[in-house]
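Just run.cif here, mmCIF, C-alpha atoms:
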```cif
data_run
#
loop_
_atom_site.group_PDB
_atom_site.id
_atom_site.type_symbol
_atom_site.label_atom_id
_atom_site.label_comp_id
_atom_site.auth_asym_id
_atom_site.auth_seq_id
_atom_site.Cartn_x
_atom_site.Cartn_y
_atom_site.Cartn_z
ATOM 1 C CA MET A 1286 18.398 9.573 24.073
ATOM 2 C CA SER A 1287 15.340 10.040 21.881
ATOM 3 C CA ARG A 1288 13.900 7.179 19.870
ATOM 4 C CA ARG A 1289 11.982 7.619 16.670
ATOM 5 C CA ARG A 1290 8.607 5.970 16.902
ATOM 6 C CA ARG A 1291 7.983 3.599 14.035
ATOM 7 C CA ALA A 1292 4.603 3.037 12.476
ATOM 8 C CA THR A 1293 2.925 -0.348 12.862
ATOM 9 C CA PRO A 1294 3.138 -2.513 9.710
ATOM 10 C CA ILE A 1295 -0.187 -3.617 8.211
ATOM 11 C CA GLN A 1296 0.858 -5.567 5.118
ATOM 12 C CA PHE A 1297 3.999 -6.762 3.292
ATOM 13 C CA ALA A 1298 4.741 -7.804 -0.315
ATOM 14 C CA PHE A 1299 7.643 -8.055 -2.750
ATOM 15 C CA ALA A 1300 8.056 -5.563 -5.600
ATOM 16 C CA ASP A 1301 8.942 -6.769 -9.101
ATOM 17 C CA ASP A 1302 12.592 -5.865 -8.430
ATOM 18 C CA GLY A 1303 12.752 -8.022 -5.259
ATOM 19 C CA ARG A 1304 12.536 -5.147 -2.793
ATOM 20 C CA ILE A 1305 10.179 -5.373 0.167
ATOM 21 C CA LEU A 1306 7.071 -3.176 0.237
ATOM 22 C CA VAL A 1307 5.513 -2.384 3.617
ATOM 23 C CA LEU A 1308 2.245 -0.536 4.209
ATOM 24 C CA THR A 1309 2.122 1.025 7.680
ATOM 25 C CA ARG A 1310 -0.776 2.186 9.828
ATOM 26 C CA ASP A 1311 0.179 5.849 9.316
ATOM 27 C CA GLY A 1312 -0.760 5.568 5.598
ATOM 28 C CA LYS A 1313 2.761 5.285 4.185
ATOM 29 C CA ILE A 1314 4.192 2.726 1.793
ATOM 30 C CA HIS A 1315 7.882 1.939 2.345
ATOM 31 C CA ARG A 1316 10.254 0.267 -0.113
ATOM 32 C CA LEU A 1317 13.075 -1.583 1.639
ATOM 33 C CA GLY A 1318 16.107 -3.340 0.213
ATOM 34 C CA ALA A 1319 15.998 -7.145 0.064
ATOM 35 C CA ASP A 1320 18.290 -7.078 3.112
ATOM 36 C CA GLY A 1321 15.824 -4.837 5.008
ATOM 37 C CA SER A 1322 17.847 -1.658 4.514
ATOM 38 C CA PRO A 1323 15.775 1.559 4.559
ATOM 39 C CA GLY A 1324 14.669 2.991 1.258
ATOM 40 C CA GLU A 1325 12.030 5.312 -0.097
ATOM 41 C CA SER A 1326 8.709 6.116 1.661
ATOM 42 C CA LEU A 1327 5.546 7.793 0.401
ATOM 43 C CA LEU A 1328 2.384 8.943 2.189
ATOM 44 C CA VAL A 1329 -0.414 7.367 0.141
ATOM 45 C CA THR A 1330 -3.532 6.907 2.269
ATOM 46 C CA SER A 1331 -5.257 8.331 5.287
ATOM 47 C CA PRO A 1332 -3.999 6.797 8.538
ATOM 48 C CA ALA A 1333 -5.881 3.708 9.755
ATOM 49 C CA THR A 1334 -8.745 4.635 12.045
ATOM 50 C CA ASP A 1335 -10.467 2.881 14.913
ATOM 51 C CA ASP A 1336 -14.207 3.407 14.666
ATOM 52 C CA ALA A 1337 -15.901 2.262 17.881
ATOM 53 C CA ASN A 1338 -19.134 1.491 16.015
ATOM 54 C CA HIS A 1339 -17.715 -0.396 13.053
ATOM 55 C CA GLY A 1340 -14.234 -1.611 14.001
ATOM 56 C CA ALA A 1341 -10.907 -0.598 12.525
ATOM 57 C CA LYS A 1342 -10.663 0.496 8.890
ATOM 58 C CA PHE A 1343 -7.212 -0.404 7.632
ATOM 59 C CA PRO A 1344 -5.950 0.305 4.122
ATOM 60 C CA GLY A 1345 -4.790 -2.663 2.080
ATOM 61 C CA PHE A 1346 -2.795 -3.208 -1.093
ATOM 62 C CA ALA A 1347 -2.196 -5.649 -3.918
ATOM 63 C CA PRO A 1348 0.753 -5.831 -6.338
ATOM 64 C CA ALA A 1349 -0.405 -5.071 -9.899
ATOM 65 C CA LEU A 1350 1.807 -5.010 -13.029
ATOM 66 C CA GLY A 1351 4.858 -3.064 -11.878
ATOM 67 C CA GLY A 1352 2.974 -1.168 -9.227
ATOM 68 C CA LEU A 1353 0.478 -1.383 -6.400
ATOM 69 C CA LEU A 1354 -3.204 -0.784 -5.869
ATOM 70 C CA ILE A 1355 -3.692 0.746 -2.400
ATOM 71 C CA THR A 1356 -7.059 1.367 -0.742
ATOM 72 C CA ASP A 1357 -7.919 4.552 1.145
ATOM 73 C CA PRO A 1358 -11.027 3.707 3.233
ATOM 74 C CA PRO A 1359 -11.847 7.186 4.665
ATOM 75 C CA LYS A 1360 -11.674 8.821 1.219
ATOM 76 C CA GLY A 1361 -13.414 6.008 -0.716
ATOM 77 C CA GLN A 1362 -10.489 5.757 -3.140
ATOM 78 C CA VAL A 1363 -8.028 3.285 -4.619
ATOM 79 C CA HIS A 1364 -4.604 4.627 -5.605
ATOM 80 C CA ARG A 1365 -2.376 3.190 -8.336
ATOM 81 C CA VAL A 1366 1.235 3.598 -7.122
ATOM 82 C CA THR A 1367 4.440 2.954 -9.068
ATOM 83 C CA THR A 1368 7.128 1.159 -7.058
ATOM 84 C CA ASN A 1369 10.308 2.572 -8.596
ATOM 85 C CA PRO A 1370 10.134 5.410 -7.789
ATOM 86 C CA LEU A 1371 7.252 5.403 -5.292
ATOM 87 C CA ARG A 1372 4.695 7.765 -6.825
ATOM 88 C CA ILE A 1373 0.907 8.017 -6.956
ATOM 89 C CA GLN A 1374 0.131 7.524 -10.628
ATOM 90 C CA ARG A 1375 -3.660 7.722 -10.481
ATOM 91 C CA SER A 1376 -6.534 7.672 -7.974
ATOM 92 C CA PHE A 1377 -9.991 6.144 -8.470
ATOM 93 C CA ALA A 1378 -13.164 6.981 -6.532
ATOM 94 C CA VAL A 1379 -15.044 3.842 -5.455
ATOM 95 C CA PRO A 1380 -18.277 3.394 -3.487
ATOM 96 C CA GLY A 1381 -18.040 2.717 0.235
ATOM 97 C CA SER A 1382 -14.879 2.384 2.313
ATOM 98 C CA PRO A 1383 -12.552 -0.040 0.500
ATOM 99 C CA THR A 1384 -10.253 -1.972 2.821
ATOM 100 C CA LYS A 1385 -9.261 -5.159 0.984
ATOM 101 C CA ILE A 1386 -8.192 -5.475 -2.638
ATOM 102 C CA ALA A 1387 -6.944 -8.210 -4.960
ATOM 103 C CA SER A 1388 -5.333 -8.107 -8.373
ATOM 104 C CA SER A 1389 -4.989 -10.771 -11.076
ATOM 105 C CA VAL A 1390 -2.303 -10.747 -13.736
ATOM 106 C CA PHE A 1391 -2.487 -12.974 -16.786
ATOM 107 C CA GLU A 1392 0.424 -13.316 -19.183
ATOM 108 C CA GLU A 1393 -0.390 -13.610 -22.854
ATOM 109 C CA HIS A 1394 0.695 -16.780 -24.589
ATOM 110 C CA GLU A 1395 -0.186 -18.758 -27.690
ATOM 111 C CA HIS A 1396 -1.826 -22.171 -27.587
#
```

Would you write out, as C-alpha coordinates, the structure that this file holds?
Amino acid sequence: MSRRRRATPIQFAFADDGRILVLTRDGKIHRLGADGSPGESLLVTSPATDDANHGAKFPGFAPALGGLLITDPPKGQVHRVTTNPLRIQRSFAVPGSPTKIASSVFEEHEH
(Lines of atoms letter the chains of each structure in order from A and count residues from 1; the text may use other names and numbers.)
(Lines give C-alpha, C1' and ligand atoms only; values in the text may rest on other atoms or scores of the structure.)
Protein backbone atom coordinates (compact mmCIF):
# COMPACT_ATOMS: atom_id res chain seq x y z
CA MET A 1 0.00 0.00 0.00
CA SER A 2 1.50 3.33 -1.01
CA ARG A 3 1.13 6.40 1.16
CA ARG A 4 1.15 9.92 -0.15
CA ARG A 5 3.78 11.98 1.58
CA ARG A 6 2.37 15.17 3.01
CA ALA A 7 4.28 18.41 3.18
CA THR A 8 5.25 19.82 6.57
CA PRO A 9 3.04 22.73 7.70
CA ILE A 10 4.83 26.02 8.40
CA GLN A 11 1.99 28.38 9.31
CA PHE A 12 -1.80 28.40 9.82
CA ALA A 13 -4.48 31.12 9.73
CA PHE A 14 -8.21 31.54 9.16
CA ALA A 15 -9.57 33.01 5.93
CA ASP A 16 -12.35 35.61 6.01
CA ASP A 17 -14.88 32.85 5.25
CA GLY A 18 -13.77 30.73 8.24
CA ARG A 19 -11.78 28.20 6.24
CA ILE A 20 -8.32 27.18 7.40
CA LEU A 21 -5.28 28.32 5.41
CA VAL A 22 -2.08 26.28 5.70
CA LEU A 23 1.30 27.17 4.20
CA THR A 24 3.49 24.09 3.74
CA ARG A 25 7.24 23.70 3.36
CA ASP A 26 6.86 22.73 -0.32
CA GLY A 27 5.66 26.29 -1.13
CA LYS A 28 1.93 25.55 -1.38
CA ILE A 29 -0.98 27.28 0.32
CA HIS A 30 -3.91 24.99 1.13
CA ARG A 31 -7.48 26.04 1.93
CA LEU A 32 -9.27 23.52 4.14
CA GLY A 33 -12.87 23.40 5.31
CA ALA A 34 -13.56 24.47 8.90
CA ASP A 35 -13.88 20.75 9.67
CA GLY A 36 -10.42 20.06 8.17
CA SER A 37 -11.77 18.60 4.93
CA PRO A 38 -9.42 18.96 1.93
CA GLY A 39 -9.95 21.88 -0.39
CA GLU A 40 -8.02 23.88 -2.93
CA SER A 41 -4.18 24.11 -3.08
CA LEU A 42 -1.89 26.47 -4.97
CA LEU A 43 1.89 26.50 -5.45
CA VAL A 44 2.87 30.05 -4.48
CA THR A 45 6.49 30.17 -3.32
CA SER A 46 9.76 28.37 -3.73
CA PRO A 47 10.11 25.43 -1.34
CA ALA A 48 11.74 26.21 2.02
CA THR A 49 15.49 25.73 1.90
CA ASP A 50 18.09 24.79 4.47
CA ASP A 51 21.18 26.92 4.00
CA ALA A 52 24.05 25.55 6.09
CA ASN A 53 25.64 29.00 6.37
CA HIS A 54 22.57 31.03 7.25
CA GLY A 55 19.93 28.64 8.59
CA ALA A 56 16.57 27.76 7.09
CA LYS A 57 14.69 30.28 4.96
CA PHE A 58 10.99 29.60 5.35
CA PRO A 59 8.25 31.56 3.60
CA GLY A 60 5.67 33.25 5.79
CA PHE A 61 2.26 34.82 5.32
CA ALA A 62 -0.16 37.33 6.79
CA PRO A 63 -3.91 37.68 6.17
CA ALA A 64 -4.65 41.00 4.42
CA LEU A 65 -8.11 42.28 3.37
CA GLY A 66 -9.70 39.22 1.77
CA GLY A 67 -6.40 37.69 0.80
CA LEU A 68 -2.89 36.85 1.91
CA LEU A 69 0.57 38.31 1.60
CA ILE A 70 3.06 35.44 1.18
CA THR A 71 6.85 35.82 1.17
CA ASP A 72 9.13 34.04 -1.28
CA PRO A 73 12.65 34.27 0.23
CA PRO A 74 14.73 32.76 -2.64
CA LYS A 75 13.10 35.05 -5.23
CA GLY A 76 13.02 38.21 -3.07
CA GLN A 77 9.28 38.60 -3.63
CA VAL A 78 6.00 39.01 -1.78
CA HIS A 79 2.88 37.61 -3.45
CA ARG A 80 -0.66 38.90 -2.95
CA VAL A 81 -2.97 35.85 -3.08
CA THR A 82 -6.78 35.79 -3.13
CA THR A 83 -8.31 33.12 -0.90
CA ASN A 84 -11.50 32.28 -2.79
CA PRO A 85 -10.41 31.06 -5.26
CA LEU A 86 -6.71 30.65 -4.43
CA ARG A 87 -4.93 32.73 -7.07
CA ILE A 88 -1.79 34.86 -7.24
CA GLN A 89 -3.14 38.35 -7.84
CA ARG A 90 0.14 40.27 -7.88
CA SER A 91 3.83 39.86 -7.01
CA PHE A 92 6.17 42.51 -5.60
CA ALA A 93 9.98 42.51 -5.73
CA VAL A 94 11.52 43.41 -2.37
CA PRO A 95 15.16 43.72 -1.26
CA GLY A 96 16.77 40.76 0.48
CA SER A 97 15.14 37.44 1.33
CA PRO A 98 11.81 38.17 3.04
CA THR A 99 10.74 35.50 5.51
CA LYS A 100 8.37 37.17 7.98
CA ILE A 101 5.54 39.56 7.17
CA ALA A 102 2.78 41.37 9.06
CA SER A 103 -0.31 43.20 7.90
CA SER A 104 -2.50 45.80 9.63
CA VAL A 105 -6.11 46.44 8.75
CA PHE A 106 -7.96 49.51 9.97
CA GLU A 107 -11.69 49.91 9.51
CA GLU A 108 -12.97 53.37 8.72
CA HIS A 109 -15.37 54.90 11.20
CA GLU A 110 -16.61 58.33 12.19
CA HIS A 111 -15.82 59.95 15.53

- Message: I want to know what sits within 6 Å of range 1351-1361 of chain A, based on only C-alpha atoms, with residues of the same chain fewer than 3 positions away left out; could you give that as a PyMOL selection string?
- Response: chain A and resi 1330+1344-1348+1364-1368+1378-1379+1381-1384

Worksheet item: Pick the closest to Thr1293 in chain A from A:Val1363, A:Ile1305, A:Leu1328, A:Ala1333: which is it, counting all atoms listed in the file?
Response: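 Counting all atoms listed in the file, the residue closest to Thr1293 in chain A is A:Ala1333.
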
Straight-line distance linking CA of Arg1375 in chain A with CA of Ala1341 in chain A, stated in Å to one decimal: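 Result for CA of Arg1375 in chain A versus CA of Ala1341 in chain A: 25.5 Å, one decimal.
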
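Shell of Glu1325 in chain A at 10 Å, with all atoms listed in the file counted and residues fewer than 4 places along the chain excluded, is Leu1306, Ile1314, His1315, Arg1316, Leu1317, Gly1318, Thr1368, Asn1369, Pro1370 and Leu1371 of chain A.
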
- Could you tell me which residues the PyMOL selection byres ((chain A and resi 1310) around 9) returns for this structure, as a ChimeraX atom specification? /A:1292-1295,1308-1309,1311-1313,1331-1334,1343-1344

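The spacing separating CA of Leu1350 in chain A from CA of Ala1300 in chain A amounts to 9.7 Å.
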
**Study point:** d(CA of Pro1380 in chain A, CA of Lys1342 in chain A) in Å
**Key:**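 Pair CA of Pro1380 in chain A / CA of Lys1342 in chain A returns 14.8 Å.
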